[in-house]
Amino acid sequence: MRYLRSWLIGLVLIFIQGINLSACEQPTEESVTRLYVATFNRAPDKAGLDYWLYRSFRGHPCLENIAQSFFDQPETKERYPNRLQTRDFVKAIYRNLFNRDPDPDGWDYWTQEIEKYEESGGSEGIPRDRMILAVINGAIAPTGNPTDAQVLTNKTKVGLSFVNAGLNDTEQAKAVMAGVTSNPATVQEAQKKIDHYREPGRCLAQMGRLANARVSIYKVNSNGRMEKIYTETTTPAAELEGIGYFRMPKDLEMSAYYVIQVSGGENWDVDNDGMIDPKPTPNRGVIRSIAKGFDIYQAMQDEYFRMTTISEVFYEKVAPILKYKGIQPNFDTLLDSMAKQIFDRSVIDPDREVSRIDVYRFDPVNDQKFLSRRYRASLDKTIETISNGMSIYGAFGGTYAGWSADANLSWGNNEGEDIAISKDGNTVYIANGYNGLSIIDVGNNKGWKEVDHFDKWMDKVVYFRTATANNLVVLASDGEKNQIVKLSKRDGDTHYAIDYTRESSEAQDIACDGQYIYIAKSNGLEIRSVWNFEKVSSIDTGTSNVKITVSGGYVYFSGIDKSWEQEITSVNVSKPDNPKIAGQISLPGSANELLVKSGKLYVAIAGVGVGVYDLSDPSTMPEISRMKLTGRVDHLAVSRDGKQLYVSGFYGGIRFIDINDPASPKLVEKVFIPVGFPQAMAMDKDNRTLYVAPHEGLLLAIDRLDHKNPGSLGSLDNIAGGKDLDLSKDGKTIYIIGSGDNNPKVVSVDVSDPFHPGVLSESSNAAAHGLLSQSGNYLYLNDGGIYKIEFRSTLTQTGMVEGIAGWNDASAIGTTVYLATSNGIKVLEAGDPYNPYLATVYNDTEYVRSIDAKNGIVYAGANSKLILLNANWNQNCTYLSDIKLEGNYGSVTVSSIVVDPKDQRTLVLSYSNGAYLFDISSVSCGNPPILLKRIKEVSGTAMELGSDGHTVYLSAGEGAILMSDLNESDPQIRPVMFGGGDIAAFKLSSDDSLLYSTGYDQALKIFDISLFRALP
């Protein structure tokens, strides 16, 4: 008790002596360090201590002013919020300083004095900052408790040692202070931590060199979830060689995978020339990598584990797979395959095979020569792109602003019927059909978040802002009748609330101008006030209306008149209580969406494309232009400057259309959507971000200035388009058949570098289709010949068979080739390529277009019929069975057949009547296959079976590649790629990562589909 009384008296005396506000104690490293310990329970960071000692208060600081200013810092406010009780504050200070609670008398005294000061407005009592100084002074006074003095002395030593090591990481500052007591051994333990933090790391943030960047390390579990386990700051230095280093935690698991992220900081070598820049460039972006613990240690042991722009490219290639499928078996093989797409040669040893380790060892100053040409040419642009916080793939041909795991948001199996954006651009509203309304916060840089959800069926959402609230008008349904719902969120509110609901059973669509709601109904137009939903007026337009928009005092809506003609009607609503029809025009098809911009009406017309109409005279609305677009046209959006129109549709991706001259719109680009089918779209206020709500429940953001298909690799631009192609067994040569119309050729192409395919040879040959032999040494062409392949490119005819020229498709079992022809199924025996012969013909009255032979059975597609034959053509019961194919549009013309022998299924694709899935497990003589499912939504021209034996890839309109897993109980078709142009035929690489296509518009295009195959 003797220490308590003398200490309390000493505290009061010392504090009273210093209560004069004009007094100024000169701060020292020790006194400010003690303030850090007392207030923050950590060591000071060097930058912070230097600031308070030498740069604060114009270079003339007082310890009292510093203590007071500590309470203005965010760290203090977070640690001691206003709601914290005074007694708890006093307790926290004592624990920070002495690792104990206050004694009862001291606790009561300081609590009373602080509360007296705060209640009196400062005229009485003691403020918190002066209380801290008094407690510190009491501890080091001769009358203080020696144990407390020793604890504070030890903590001060540790804090100063941390500063002298030049360290700035606040998490490390907390870590070194934890566990320091009066025992000198605890100071030694803290010093070991400091020495560890001070050691040069074996990891390097090299974009060119990042100083003071934040390093976060995450452990990845099997389902792709990440847990942060470690933080660090990259080293600053006066010389370039000392900049950018950081450490890994010492307890990494050898078999576990980790994501390493480096963000912020300053770049001291922007141009990667190995010389320090005169001044740093702020880094606003992020570079990441993914690696196994063993690989990290290997890279550090050999040299350094490097974080570079290439590691970010590598990570973004893997991120979608990681997100949707997690850590899969053979994940290392996947990482190696991604690395091989980036490097031409190994960084470690040019003679060894490229692997993921090359990514971790890549030095952008010295190793650029090992990159493939594509990445080498784009490296400088990529650094600039990342430094500015932009999407990495933009530097390599484009990607999505919402491509990373943080920027894709999935909220269920939603419909994406309509989309709107708040005035400030921070909130996206999505009407999801039967899955309700989703309200998404997109203003958070850390990731998007669904902040509100309403469960009614919602098909249309309109946003408008008033002085004090954000407002939504929604077309909804209770399951039986349509309703118009108004929701609002007043400034300061957390969630949206429903203001009004009005039944409107005949409502088809809505529009709103912030004052009135315009409702397209089956019998005309109805107008209601947005404030009380009271009906203002209505008008019978003579049409059953479907889609509606409002602009400039006029409402425009599409509908069907009594003669079932499609029309656009304009209504003058400048006097909402007295609307008047202004004009009506006919449409060539039904309107799926209307959009007004700059005095022009853009209409998505089913079966046609986009119509553009002049609204300078709403009574006539003359057509300016009509742009034909193949595939579905469901939704429209337009850039804020009115220069680009965006058209979306099922299987159609998004078409970018230049409308600088509305009289002559031009298709600029077809953009692939990696997940789902694009539905509603809306342009953000930045006139750059296009938000898309696909059918499959994701919100995507597309950078409209940087949007090309990231999967597109190389192409041949100077060779005429082909009709068929095949790929050599080693994956290095493509044979394009039927290149050119007047003088068709077979073109041999070297594709060992998929970014830069090169023509090996061209040989004139009147063939439109071809098939490589199973040995890969011969090419069967539909001119009736067999050709030996020499030196990958030279074709030498070895045999010619009469009666088979012009065949449509071919499949082989061994050296027996089954041909689909216009007069039946023909069997070619080519065991001796110099003496081939026609063995037999089946169904010579049938026009057979497609064929596949597997496991002793031949599957052939004729008109509206699937035929099954015994592949052993000389056996009894050669003709097994056939089954009729029922279609909606006349006879069913089969375009392609694939057989999955493992799962005993076959898929038959038609040009216009969808696809047919059959169970072939019980096929035998007279026993036909069983139809499991007809997939009406998809038609196309070609199919290929993946390397797993049950994933099928098929080409649809607009250059789309779709896929389905035939071993699923209910196989679903989903997109894999869009924007491949007119695809006549395609082949897959042996690992299904690359797709080679030919078509009438281009001889060869090569796509990387490894990313998109993993997406749901």
# chains A, B, ... in the order shown; residues from 1 in each chain; ligands from 1
call {"tool": "select_by_dssp", "arguments": {"residues": "range 108-312 of chain A", "states": "helix (DSSP H, G or I)", "output": "ChimeraX atom specification"}}
result
/A:108-119,128-140,146-164,170-177,184-198,240-242,293-302,309-312
call {"tool": "residues_around", "arguments": {"residues": "Asp540 in chain A", "least_positions_apart": "5", "cutoff": "10 Å", "atoms": "only C-alpha atoms", "output": "short mmCIF file (atom, residue, chain, number, x, y, z; two decimals) with all heavy atoms, in the first residue's frame"}}
result
data_model
loop_
_atom_site.label_atom_id
_atom_site.label_comp_id
_atom_site.auth_asym_id
_atom_site.auth_seq_id
_atom_site.Cartn_x
_atom_site.Cartn_y
_atom_site.Cartn_z
N LYS A 521 -50.74 -1.81 -70.63
CA LYS A 521 -51.72 -2.82 -70.26
C LYS A 521 -52.25 -3.50 -71.51
O LYS A 521 -52.01 -3.06 -72.64
CB LYS A 521 -52.86 -2.19 -69.45
CG LYS A 521 -52.37 -1.40 -68.23
CD LYS A 521 -53.50 -0.86 -67.40
CE LYS A 521 -54.21 -1.96 -66.65
NZ LYS A 521 -55.21 -1.43 -65.71
N SER A 522 -52.97 -4.58 -71.28
CA SER A 522 -53.50 -5.34 -72.41
C SER A 522 -54.60 -4.58 -73.15
O SER A 522 -54.99 -4.97 -74.24
CB SER A 522 -54.05 -6.68 -71.92
OG SER A 522 -55.05 -6.48 -70.95
N ASN A 523 -55.08 -3.47 -72.56
CA ASN A 523 -56.11 -2.68 -73.25
C ASN A 523 -55.74 -1.22 -73.39
O ASN A 523 -56.60 -0.36 -73.54
CB ASN A 523 -57.45 -2.80 -72.49
CG ASN A 523 -57.33 -2.33 -71.05
OD1 ASN A 523 -56.25 -1.99 -70.59
ND2 ASN A 523 -58.46 -2.30 -70.34
N GLY A 524 -54.45 -0.88 -73.29
CA GLY A 524 -54.06 0.51 -73.49
C GLY A 524 -53.02 0.99 -72.50
O GLY A 524 -52.16 0.21 -72.06
N LEU A 525 -53.13 2.26 -72.12
CA LEU A 525 -52.16 2.92 -71.26
C LEU A 525 -52.85 3.46 -70.02
O LEU A 525 -53.93 4.06 -70.12
CB LEU A 525 -51.48 4.07 -72.01
CG LEU A 525 -50.57 5.00 -71.20
CD1 LEU A 525 -49.32 4.26 -70.75
CD2 LEU A 525 -50.20 6.24 -72.01
N GLU A 526 -52.21 3.27 -68.86
CA GLU A 526 -52.72 3.83 -67.61
C GLU A 526 -51.62 4.66 -66.97
O GLU A 526 -50.45 4.27 -66.99
CB GLU A 526 -53.14 2.71 -66.67
CG GLU A 526 -53.76 3.19 -65.36
CD GLU A 526 -54.24 2.03 -64.51
OE1 GLU A 526 -55.34 1.52 -64.81
OE2 GLU A 526 -53.51 1.64 -63.58
N LYS A 580 -53.00 11.82 -75.14
CA LYS A 580 -53.55 11.73 -76.49
C LYS A 580 -52.61 10.93 -77.39
O LYS A 580 -51.39 11.12 -77.34
CB LYS A 580 -53.75 13.13 -77.08
CG LYS A 580 -54.80 13.95 -76.36
CD LYS A 580 -54.99 15.31 -77.03
CE LYS A 580 -56.07 16.11 -76.32
NZ LYS A 580 -56.27 17.44 -76.95
N ILE A 581 -53.19 10.06 -78.20
CA ILE A 581 -52.39 9.29 -79.15
C ILE A 581 -51.81 10.23 -80.19
O ILE A 581 -52.54 11.03 -80.79
CB ILE A 581 -53.23 8.19 -79.82
CG1 ILE A 581 -53.67 7.15 -78.78
CG2 ILE A 581 -52.45 7.52 -80.94
CD1 ILE A 581 -54.57 6.08 -79.33
#
call {"tool": "closest_residue", "arguments": {"among": "A:Asp991, A:Asp634, A:Glu503, A:Glu669", "to": "Lys729 in chain A", "atoms": "only C-alpha atoms"}}
result
A:Asp991
call {"tool": "residues_around", "arguments": {"residues": "Gly770 in chain A", "least_positions_apart": "3", "cutoff": "12 Å", "atoms": "only C-alpha atoms", "output": "PyMOL selection string"}}
result
chain A and resi 722-727+734-739+745-747+765-767+773+778-787+805-812+817+819+985
call {"tool": "select_by_dssp", "arguments": {"residues": "range 638-813 of chain A", "states": "strand (DSSP E or B)", "output": "compact mmCIF listing (two decimals) with N, CA and C atoms, in the first residue's frame"}}
result
# COMPACT_ATOMS: atom_id res chain seq x y z
N VAL A 638 -27.56 1.65 -73.86
CA VAL A 638 -26.84 2.61 -74.68
C VAL A 638 -25.83 3.35 -73.81
N GLN A 644 -22.70 4.29 -78.59
CA GLN A 644 -22.70 2.83 -78.71
C GLN A 644 -24.01 2.27 -78.19
N LEU A 645 -24.52 1.28 -78.91
CA LEU A 645 -25.71 0.55 -78.50
C LEU A 645 -25.28 -0.88 -78.16
N TYR A 646 -25.90 -1.46 -77.14
CA TYR A 646 -25.57 -2.81 -76.71
C TYR A 646 -26.82 -3.67 -76.82
N VAL A 647 -26.68 -4.82 -77.46
CA VAL A 647 -27.81 -5.72 -77.70
C VAL A 647 -27.45 -7.08 -77.11
N SER A 648 -28.31 -7.61 -76.23
CA SER A 648 -28.06 -8.91 -75.63
C SER A 648 -29.15 -9.88 -76.04
N GLY A 649 -28.84 -11.19 -75.89
CA GLY A 649 -29.82 -12.22 -76.21
C GLY A 649 -29.30 -13.59 -75.85
N GLY A 653 -24.49 -13.57 -76.61
CA GLY A 653 -23.54 -12.67 -75.99
C GLY A 653 -24.08 -11.25 -76.03
N ILE A 654 -23.19 -10.29 -76.16
CA ILE A 654 -23.58 -8.88 -76.28
C ILE A 654 -22.96 -8.32 -77.54
N ARG A 655 -23.79 -7.73 -78.37
CA ARG A 655 -23.31 -7.07 -79.58
C ARG A 655 -23.06 -5.59 -79.30
N PHE A 656 -21.85 -5.09 -79.60
CA PHE A 656 -21.52 -3.67 -79.49
C PHE A 656 -21.74 -3.03 -80.86
N ILE A 657 -22.61 -2.03 -80.93
CA ILE A 657 -22.98 -1.42 -82.21
C ILE A 657 -22.66 0.06 -82.18
N ASP A 658 -21.93 0.51 -83.17
CA ASP A 658 -21.59 1.93 -83.32
C ASP A 658 -22.81 2.66 -83.90
N LYS A 666 -23.21 0.19 -87.16
CA LYS A 666 -22.17 -0.78 -87.53
C LYS A 666 -21.88 -1.69 -86.34
N LEU A 667 -21.82 -2.99 -86.62
CA LEU A 667 -21.46 -3.96 -85.59
C LEU A 667 -19.96 -3.85 -85.34
N VAL A 668 -19.59 -3.52 -84.09
CA VAL A 668 -18.19 -3.32 -83.73
C VAL A 668 -17.58 -4.59 -83.14
N GLU A 669 -18.32 -5.24 -82.24
CA GLU A 669 -17.76 -6.35 -81.50
C GLU A 669 -18.86 -7.24 -80.98
N LYS A 670 -18.57 -8.53 -80.87
CA LYS A 670 -19.44 -9.47 -80.17
C LYS A 670 -18.69 -9.90 -78.92
N VAL A 671 -19.29 -9.67 -77.77
CA VAL A 671 -18.61 -9.89 -76.51
C VAL A 671 -19.11 -11.16 -75.86
N ALA A 680 -30.74 -8.43 -69.00
CA ALA A 680 -30.87 -6.98 -68.89
C ALA A 680 -29.50 -6.32 -68.71
N MET A 681 -29.40 -5.06 -69.20
CA MET A 681 -28.15 -4.31 -69.12
C MET A 681 -28.45 -2.87 -68.73
N ALA A 682 -27.48 -2.22 -68.10
CA ALA A 682 -27.60 -0.79 -67.78
C ALA A 682 -26.20 -0.19 -67.73
N MET A 683 -26.07 1.05 -68.22
CA MET A 683 -24.79 1.73 -68.26
C MET A 683 -24.64 2.61 -67.02
N THR A 689 -18.75 1.51 -67.49
CA THR A 689 -19.10 0.21 -66.91
C THR A 689 -20.51 -0.19 -67.33
N LEU A 690 -20.61 -1.30 -68.02
CA LEU A 690 -21.89 -1.85 -68.43
C LEU A 690 -22.23 -3.01 -67.51
N TYR A 691 -23.25 -2.84 -66.69
CA TYR A 691 -23.69 -3.92 -65.80
C TYR A 691 -24.64 -4.85 -66.56
N VAL A 692 -24.39 -6.14 -66.39
CA VAL A 692 -25.17 -7.16 -67.10
C VAL A 692 -25.70 -8.16 -66.07
N ALA A 693 -26.98 -8.49 -66.18
CA ALA A 693 -27.59 -9.50 -65.31
C ALA A 693 -27.88 -10.73 -66.15
N LEU A 698 -25.82 -14.17 -61.95
CA LEU A 698 -24.60 -13.43 -61.65
C LEU A 698 -24.80 -11.99 -62.06
N LEU A 699 -24.11 -11.10 -61.38
CA LEU A 699 -24.02 -9.72 -61.84
C LEU A 699 -22.61 -9.53 -62.38
N LEU A 700 -22.50 -9.10 -63.63
CA LEU A 700 -21.21 -8.87 -64.25
C LEU A 700 -21.08 -7.40 -64.62
N ALA A 701 -19.85 -6.92 -64.63
CA ALA A 701 -19.58 -5.57 -65.07
C ALA A 701 -18.57 -5.64 -66.21
N ILE A 702 -18.93 -5.09 -67.35
CA ILE A 702 -18.05 -5.12 -68.52
C ILE A 702 -17.48 -3.73 -68.75
N ASP A 703 -16.17 -3.65 -68.90
CA ASP A 703 -15.53 -2.40 -69.26
C ASP A 703 -15.74 -2.19 -70.76
N SER A 712 -9.36 -15.30 -76.87
CA SER A 712 -8.92 -15.33 -78.26
C SER A 712 -7.40 -15.32 -78.34
N LEU A 713 -6.83 -16.31 -79.01
CA LEU A 713 -5.37 -16.40 -79.12
C LEU A 713 -4.94 -15.99 -80.52
N GLY A 714 -4.67 -16.97 -81.40
CA GLY A 714 -4.18 -16.64 -82.73
C GLY A 714 -5.20 -16.92 -83.81
N SER A 715 -4.91 -16.48 -85.02
CA SER A 715 -5.80 -16.72 -86.17
C SER A 715 -5.00 -16.60 -87.46
N LEU A 716 -5.59 -17.13 -88.53
CA LEU A 716 -5.05 -16.95 -89.88
C LEU A 716 -5.94 -15.98 -90.62
N ASP A 724 -14.13 -27.67 -93.14
CA ASP A 724 -13.89 -28.75 -92.18
C ASP A 724 -12.43 -28.65 -91.75
N LEU A 725 -12.09 -29.33 -90.65
CA LEU A 725 -10.70 -29.37 -90.21
C LEU A 725 -10.50 -30.57 -89.30
N ASP A 726 -9.22 -30.95 -89.14
CA ASP A 726 -8.87 -32.00 -88.20
C ASP A 726 -7.52 -31.67 -87.60
N LEU A 727 -7.24 -32.27 -86.44
CA LEU A 727 -6.05 -31.95 -85.66
C LEU A 727 -5.18 -33.19 -85.53
N THR A 733 -0.41 -29.77 -85.58
CA THR A 733 -0.78 -29.44 -86.96
C THR A 733 -2.29 -29.51 -87.13
N ILE A 734 -2.83 -28.49 -87.77
CA ILE A 734 -4.25 -28.45 -88.15
C ILE A 734 -4.32 -28.58 -89.67
N TYR A 735 -5.27 -29.40 -90.14
CA TYR A 735 -5.51 -29.54 -91.58
C TYR A 735 -6.88 -28.93 -91.87
N ILE A 736 -6.87 -27.82 -92.61
CA ILE A 736 -8.11 -27.13 -92.97
C ILE A 736 -8.53 -27.62 -94.35
N ILE A 737 -9.76 -28.14 -94.45
CA ILE A 737 -10.24 -28.72 -95.70
C ILE A 737 -11.30 -27.81 -96.30
N GLY A 738 -11.25 -27.66 -97.62
CA GLY A 738 -12.24 -26.84 -98.31
C GLY A 738 -12.01 -25.36 -98.17
N SER A 739 -10.75 -24.95 -98.06
CA SER A 739 -10.43 -23.53 -97.94
C SER A 739 -10.63 -22.85 -99.30
N LYS A 745 -8.79 -25.76 -101.26
CA LYS A 745 -7.47 -26.27 -100.92
C LYS A 745 -7.53 -27.00 -99.58
N VAL A 746 -6.51 -27.84 -99.37
CA VAL A 746 -6.22 -28.36 -98.04
C VAL A 746 -5.00 -27.59 -97.54
N VAL A 747 -5.17 -26.92 -96.40
CA VAL A 747 -4.11 -26.08 -95.85
C VAL A 747 -3.59 -26.73 -94.58
N SER A 748 -2.28 -26.98 -94.54
CA SER A 748 -1.63 -27.51 -93.33
C SER A 748 -1.08 -26.34 -92.53
N VAL A 749 -1.41 -26.31 -91.24
CA VAL A 749 -1.06 -25.15 -90.40
C VAL A 749 -0.32 -25.64 -89.15
N ASP A 750 0.80 -25.00 -88.87
CA ASP A 750 1.55 -25.28 -87.64
C ASP A 750 0.89 -24.49 -86.50
N GLY A 758 1.07 -20.78 -88.23
CA GLY A 758 1.73 -20.50 -89.52
C GLY A 758 1.42 -21.56 -90.55
N VAL A 759 1.21 -21.16 -91.77
CA VAL A 759 0.90 -22.07 -92.87
C VAL A 759 2.14 -22.88 -93.23
N LEU A 760 1.98 -24.20 -93.27
CA LEU A 760 3.06 -25.09 -93.70
C LEU A 760 2.99 -25.35 -95.19
N SER A 761 1.77 -25.59 -95.69
CA SER A 761 1.62 -25.87 -97.12
C SER A 761 0.16 -25.68 -97.53
N GLU A 762 -0.06 -25.53 -98.83
CA GLU A 762 -1.39 -25.48 -99.42
C GLU A 762 -1.40 -26.41 -100.62
N SER A 763 -2.41 -27.27 -100.70
CA SER A 763 -2.50 -28.17 -101.85
C SER A 763 -3.91 -28.10 -102.43
N SER A 764 -4.01 -27.85 -103.71
CA SER A 764 -5.31 -27.78 -104.37
C SER A 764 -5.98 -29.14 -104.31
N GLY A 770 -12.95 -33.87 -94.43
CA GLY A 770 -11.82 -34.77 -94.28
C GLY A 770 -11.78 -35.39 -92.91
N LEU A 771 -11.02 -36.49 -92.81
CA LEU A 771 -10.87 -37.19 -91.55
C LEU A 771 -9.47 -37.78 -91.49
N LEU A 772 -8.76 -37.52 -90.39
CA LEU A 772 -7.46 -38.15 -90.19
C LEU A 772 -7.64 -39.60 -89.77
N TYR A 778 -2.57 -40.76 -92.31
CA TYR A 778 -3.30 -40.63 -93.57
C TYR A 778 -4.49 -39.69 -93.37
N LEU A 779 -4.86 -39.06 -94.47
CA LEU A 779 -6.01 -38.17 -94.48
C LEU A 779 -7.01 -38.67 -95.51
N TYR A 780 -8.24 -38.96 -95.03
CA TYR A 780 -9.31 -39.36 -95.94
C TYR A 780 -10.08 -38.10 -96.34
N LEU A 781 -10.19 -37.85 -97.64
CA LEU A 781 -10.89 -36.67 -98.13
C LEU A 781 -12.12 -37.07 -98.92
N GLY A 785 -10.41 -39.84 -102.13
CA GLY A 785 -9.03 -40.27 -102.05
C GLY A 785 -8.52 -40.45 -100.63
N ILE A 786 -7.42 -41.20 -100.56
CA ILE A 786 -6.67 -41.37 -99.32
C ILE A 786 -5.28 -40.80 -99.56
N TYR A 787 -4.80 -39.97 -98.61
CA TYR A 787 -3.55 -39.26 -98.83
C TYR A 787 -2.61 -39.50 -97.65
N LYS A 788 -1.39 -39.83 -97.97
CA LYS A 788 -0.38 -40.01 -96.95
C LYS A 788 0.20 -38.66 -96.57
N ILE A 789 0.38 -38.44 -95.26
CA ILE A 789 0.92 -37.17 -94.76
C ILE A 789 2.40 -37.35 -94.47
N GLU A 790 3.22 -36.56 -95.12
CA GLU A 790 4.67 -36.61 -94.91
C GLU A 790 5.16 -35.24 -94.48
N THR A 794 3.07 -32.41 -96.48
CA THR A 794 2.99 -32.91 -97.85
C THR A 794 1.94 -34.02 -97.93
N LEU A 795 0.98 -33.88 -98.88
CA LEU A 795 -0.07 -34.87 -99.06
C LEU A 795 0.20 -35.64 -100.36
N THR A 796 0.38 -36.95 -100.23
CA THR A 796 0.62 -37.80 -101.40
C THR A 796 -0.51 -38.82 -101.51
N GLN A 797 -1.21 -38.79 -102.64
CA GLN A 797 -2.34 -39.71 -102.80
C GLN A 797 -1.85 -41.15 -102.89
N THR A 798 -2.47 -42.03 -102.09
CA THR A 798 -2.11 -43.45 -102.13
C THR A 798 -3.22 -44.29 -102.74
N GLY A 799 -4.45 -43.81 -102.70
CA GLY A 799 -5.55 -44.59 -103.25
C GLY A 799 -6.74 -43.70 -103.56
N MET A 800 -7.61 -44.18 -104.46
CA MET A 800 -8.82 -43.47 -104.84
C MET A 800 -9.93 -44.50 -105.01
N ASP A 809 -19.81 -36.80 -93.94
CA ASP A 809 -19.18 -36.96 -92.63
C ASP A 809 -18.56 -38.35 -92.59
N ALA A 810 -17.60 -38.54 -91.67
CA ALA A 810 -16.91 -39.83 -91.60
C ALA A 810 -16.52 -40.12 -90.16
N SER A 811 -16.48 -41.41 -89.84
CA SER A 811 -16.01 -41.88 -88.54
C SER A 811 -15.35 -43.23 -88.75
N ALA A 812 -14.34 -43.53 -87.95
CA ALA A 812 -13.57 -44.75 -88.18
C ALA A 812 -13.45 -45.58 -86.92
N ILE A 813 -13.45 -46.88 -87.10
CA ILE A 813 -13.06 -47.83 -86.07
C ILE A 813 -11.89 -48.61 -86.65
call {"tool": "residues_around", "arguments": {"residues": "Pro127 in chain A", "least_positions_apart": "5", "cutoff": "8 Å", "atoms": "only C-alpha atoms", "output": "list of chain:residue names"}}
result
A:Glu113, A:Ile114, A:Tyr117, A:Glu118, A:Gly122
call {"tool": "write_last_selection", "arguments": {"atoms": "N, CA, C and O atoms", "output": "CSV table (one decimal), in the first residue's frame"}}
result
chain,number,residue,atom,x,y,z
A,113,GLU,N,-12.4,12.0,-12.2
A,113,GLU,CA,-11.8,13.2,-12.8
A,113,GLU,C,-12.1,13.3,-14.3
A,113,GLU,O,-12.3,14.4,-14.8
A,114,ILE,N,-12.0,12.2,-15.1
A,114,ILE,CA,-12.3,12.3,-16.5
A,114,ILE,C,-13.8,12.7,-16.7
A,114,ILE,O,-14.1,13.5,-17.6
A,117,TYR,N,-14.4,16.3,-16.0
A,117,TYR,CA,-13.9,17.2,-17.1
A,117,TYR,C,-14.9,17.2,-18.3
A,117,TYR,O,-15.2,18.2,-18.8
A,118,GLU,N,-15.4,16.0,-18.6
A,118,GLU,CA,-16.2,16.0,-19.8
A,118,GLU,C,-17.6,16.5,-19.5
A,118,GLU,O,-18.2,17.1,-20.4
A,122,GLY,N,-14.8,21.0,-19.7
A,122,GLY,CA,-13.4,21.3,-19.5
A,122,GLY,C,-13.0,22.3,-18.5
A,122,GLY,O,-11.8,22.5,-18.3
call {"tool": "closest_residue", "arguments": {"among": "A:Ala238, A:Val550, A:Ala591, A:Ile439", "to": "Val451 in chain A", "atoms": "only C-alpha atoms"}}
result
A:Ile439
call {"tool": "residues_around", "arguments": {"residues": "range 888-900 of chain A", "least_positions_apart": "6", "cutoff": "8 Å", "atoms": "only C-alpha atoms", "output": "VMD selection string"}}
result
chain A and resid 849 to 854 859 to 865 906 to 913 940 to 945 949 to 950 952 966
call {"tool": "closest_residue", "arguments": {"among": "A:Thr630, A:Asn65, A:Ser955, A:Gln483", "to": "Ile519 in chain A", "atoms": "only C-alpha atoms"}}
result
A:Gln483
